Amino acid sequence: MTGNRYLDVLIVGAGFSGIYQLHKLRKAGFAVKLFEAGGGLGGIWYWNRYPGAHVDSDFSIYQLSLEELWKDWNWKDKFPGRQELIEYFNYIDTKLGLSRDISFKTRVSSASFNTATNCWLVSTDTAVTINAHFLILCTGFAAKPLFPDIPGLQTFKGVIHHTSSWKLVLTWVENALALLEWAPADVLANEKANIEVYTFWRKRVLERVRDPEMQRKLGPKEQPHPIGAKRISLEQSHYEVFNQPNVVLVDLNENPIVEVTSKGVKTRNGVVHELDVLVLATGFDALTGSISQIEIKGMDGTSIGDKWKNGLSTYLGMTVSGYLNMFFPYGPQAPTPLCNGLTCAVSVLNTRLPH
């Protein structure tokens, strides 16, 4: 796509919500296009390529409920891995012919509302500009990686990667690797029941970990938080890894990071943990970051980042006052952190189609 074009709707992001919106709007007769920063469909699944990446939802609720899709597709895993999900996205594309209306490797850099034309003027990093009556941001809740503010991080001379943009192919036995992981959503309503669930979980963890010190760190006797209040990881062999002689676990609550050096990570006890690879599993600037990283200016010229600087405000978690005809599914102040992403986004989209 080149030059300046006029559209009814421009969608940003080719994850589940974006491609579903594209399909529905095309069928409704709108002139609609989709811009995607990545090189293919998938949204978060296009970018998240780290080993073992799986969805934590049963496939039955992690697929589009369109008859032309589900009747000819059979899932291999109950909790599909990243590769199977990409295959599913490609299958959707084959069935629905989505790519003909998608510009890949096209990152939206700015969008401003023109009160004279009542259109959004959208610019990209490929020098394409679009005028659209409606702007729909299907950018997800975790599109902007969060990098830790650790002194010396840029001085590390080994390989460093955030899990959101994994590009590593490693000969694991030849590399010393550190994973920096920030703590990541109960039986929440009943404290007694929550304690019982935690006790059961801890018992099972201790059965899988041999070293007493590892047991203390991985399955603390004192419950650190209500179980389920932080997202529960659906793992299969995570705890067994800590039985390996080449694995060391440093509890940052007890021995925090002081700085990163050219050789590795230095903790408060003065030890420099020498490394070849440093992996940042430090999460995302979630919910608002996916939107505010784009220079979006509303009717009065205020950027969305500045508008939210002193407090987040939306209308029903779907739009913002002063940003006419701009919508976002699965964003801030919606049920986003509490629901299955695909189900939530699609349900909301079915109520938000422009009329």
# chains A, B, ... in the order shown; residues from 1 in each chain; ligands from 1
>>> select_by_dssp(residues="stretch 21-153 of chain A", states="strand (DSSP E or B)", output="ChimeraX atom specification")
/A:32-35,54,81,102-103,108-114,119-124,129-137,145
>>> residues_around(residues="stretch 154-157 of chain A", least_positions_apart="4", cutoff="9 Å", atoms="only C-alpha atoms", output="ChimeraX atom specification")
/A:260-265,276,278
>>> closest_residue(among="A:Trp120, A:Phe89, A:Phe35, A:Phe30", to="A:Arg107", atoms="only C-alpha atoms")
A:Phe35
>>> atom_distance(atom1="atom CA of A:Cys344", atom2="atom CA of A:Tyr330")
7.0 Å
>>> closest_residue(among="A:Lys309, A:Lys24, A:Lys95, A:His54", to="A:Gln236", atoms="only C-alpha atoms")
A:His54
>>> select_by_dssp(residues="stretch 72-270 of chain A", states="helix (DSSP H, G or I)", output="NGL selection string")
:A and (82-96 or 99-101 or 153-155 or 163-165 or 172-174 or 191-208 or 212-218 or 239-243)
>>> residues_around(residues="stretch 321-324 of chain A", least_positions_apart="4", cutoff="8 Å", atoms="only C-alpha atoms", output="list in words")
Phe113, Lys297, Gly298, Met299, Asp300, Thr314 and Tyr315 of chain A
>>> residues_around(residues="A:Gly317", least_positions_apart="2", cutoff="10 Å", atoms="only C-alpha atoms", output="list in words")
Ser313, Thr314, Tyr315, Thr319, Val320, Phe327, Phe328, Pro329, Tyr330, Gly331, Pro332, Gln333, Ala334, Pro335 and Thr336 of chain A
>>> write_last_selection(atoms="N, CA and C atoms", output="PDB file, in the first residue's frame")
ATOM      1  N   SER A 313      -8.416   7.079  32.308  1.00  0.00           N
ATOM      2  CA  SER A 313      -9.848   7.315  32.164  1.00  0.00           C
ATOM      3  C   SER A 313     -10.299   6.837  30.793  1.00  0.00           C
ATOM      4  N   THR A 314     -11.316   5.977  30.762  1.00  0.00           N
ATOM      5  CA  THR A 314     -11.905   5.501  29.516  1.00  0.00           C
ATOM      6  C   THR A 314     -13.420   5.473  29.671  1.00  0.00           C
ATOM      7  N   TYR A 315     -14.108   5.239  28.581  1.00  0.00           N
ATOM      8  CA  TYR A 315     -15.542   4.982  28.646  1.00  0.00           C
ATOM      9  C   TYR A 315     -15.765   3.490  28.442  1.00  0.00           C
ATOM     10  N   THR A 319     -13.256   3.190  24.752  1.00  0.00           N
ATOM     11  CA  THR A 319     -12.912   4.403  24.032  1.00  0.00           C
ATOM     12  C   THR A 319     -12.583   5.493  25.042  1.00  0.00           C
ATOM     13  N   VAL A 320     -12.168   6.661  24.557  1.00  0.00           N
ATOM     14  CA  VAL A 320     -11.731   7.752  25.428  1.00  0.00           C
ATOM     15  C   VAL A 320     -12.372   9.051  24.970  1.00  0.00           C
ATOM     16  N   PHE A 327     -11.559   3.210  18.935  1.00  0.00           N
ATOM     17  CA  PHE A 327     -11.997   2.139  19.825  1.00  0.00           C
ATOM     18  C   PHE A 327     -10.854   1.163  20.065  1.00  0.00           C
ATOM     19  N   PHE A 328     -10.908   0.482  21.215  1.00  0.00           N
ATOM     20  CA  PHE A 328      -9.912  -0.551  21.498  1.00  0.00           C
ATOM     21  C   PHE A 328     -10.569  -1.703  22.259  1.00  0.00           C
ATOM     22  N   PRO A 329     -10.543  -2.903  21.666  1.00  0.00           N
ATOM     23  CA  PRO A 329     -10.984  -4.085  22.400  1.00  0.00           C
ATOM     24  C   PRO A 329      -9.852  -4.598  23.281  1.00  0.00           C
ATOM     25  N   TYR A 330     -10.177  -5.216  24.375  1.00  0.00           N
ATOM     26  CA  TYR A 330      -9.182  -5.878  25.210  1.00  0.00           C
ATOM     27  C   TYR A 330      -8.125  -4.898  25.694  1.00  0.00           C
ATOM     28  N   GLY A 331      -8.592  -3.736  26.195  1.00  0.00           N
ATOM     29  CA  GLY A 331      -7.670  -2.698  26.627  1.00  0.00           C
ATOM     30  C   GLY A 331      -7.870  -2.314  28.081  1.00  0.00           C
ATOM     31  N   PRO A 332      -7.401  -1.128  28.472  1.00  0.00           N
ATOM     32  CA  PRO A 332      -7.478  -0.691  29.861  1.00  0.00           C
ATOM     33  C   PRO A 332      -8.915  -0.449  30.315  1.00  0.00           C
ATOM     34  N   GLN A 333      -9.175  -0.796  31.574  1.00  0.00           N
ATOM     35  CA  GLN A 333     -10.466  -0.647  32.244  1.00  0.00           C
ATOM     36  C   GLN A 333     -11.569  -1.518  31.637  1.00  0.00           C
ATOM     37  N   ALA A 334     -11.186  -2.474  30.797  1.00  0.00           N
ATOM     38  CA  ALA A 334     -12.085  -3.537  30.356  1.00  0.00           C
ATOM     39  C   ALA A 334     -11.805  -4.751  31.247  1.00  0.00           C
ATOM     40  N   PRO A 335     -12.541  -5.846  31.087  1.00  0.00           N
ATOM     41  CA  PRO A 335     -12.265  -7.041  31.905  1.00  0.00           C
ATOM     42  C   PRO A 335     -10.970  -7.759  31.519  1.00  0.00           C
ATOM     43  N   THR A 336     -10.122  -7.090  30.778  1.00  0.00           N
ATOM     44  CA  THR A 336      -8.931  -7.672  30.163  1.00  0.00           C
ATOM     45  C   THR A 336      -8.113  -8.589  31.072  1.00  0.00           C
TER      46      THR A 336
END
>>> residues_around(residues="stretch 132-146 of chain A", least_positions_apart="2", cutoff="6 Å", atoms="only C-alpha atoms", output="number ranges by chain")
A: 6-13, 18, 119-120, 283-287, 289-290, 325-328, 331
>>> atom_distance(atom1="atom CA of A:Gly43", atom2="atom CA of A:Phe16")
7.1 Å
>>> residues_around(residues="A:Pro256", least_positions_apart="5", cutoff="8 Å", atoms="only C-alpha atoms", output="PyMOL selection string")
chain A and resi 251+267-268
>>> write_last_selection(atoms="C-alpha atoms", output="PDB file, in the first residue's frame")
ATOM      1  CA  ASP A 251      16.210 -15.279  45.370  1.00  0.00           C
ATOM      2  CA  THR A 267      24.117  -9.251  43.471  1.00  0.00           C
ATOM      3  CA  ARG A 268      24.218  -7.539  46.860  1.00  0.00           C
TER       4      ARG A 268
END
>>> closest_residue(among="A:Asp186, A:Leu280, A:Lys33, A:Tyr62", to="A:Tyr50", atoms="only C-alpha atoms")
A:Leu280
>>> atom_distance(atom1="atom CA of A:Lys71", atom2="atom CA of A:Glu235")
29.6 Å
>>> closest_residue(among="A:Leu66, A:Leu121, A:Trp47, A:Ser109", to="A:Leu96", atoms="only C-alpha atoms")
A:Leu66
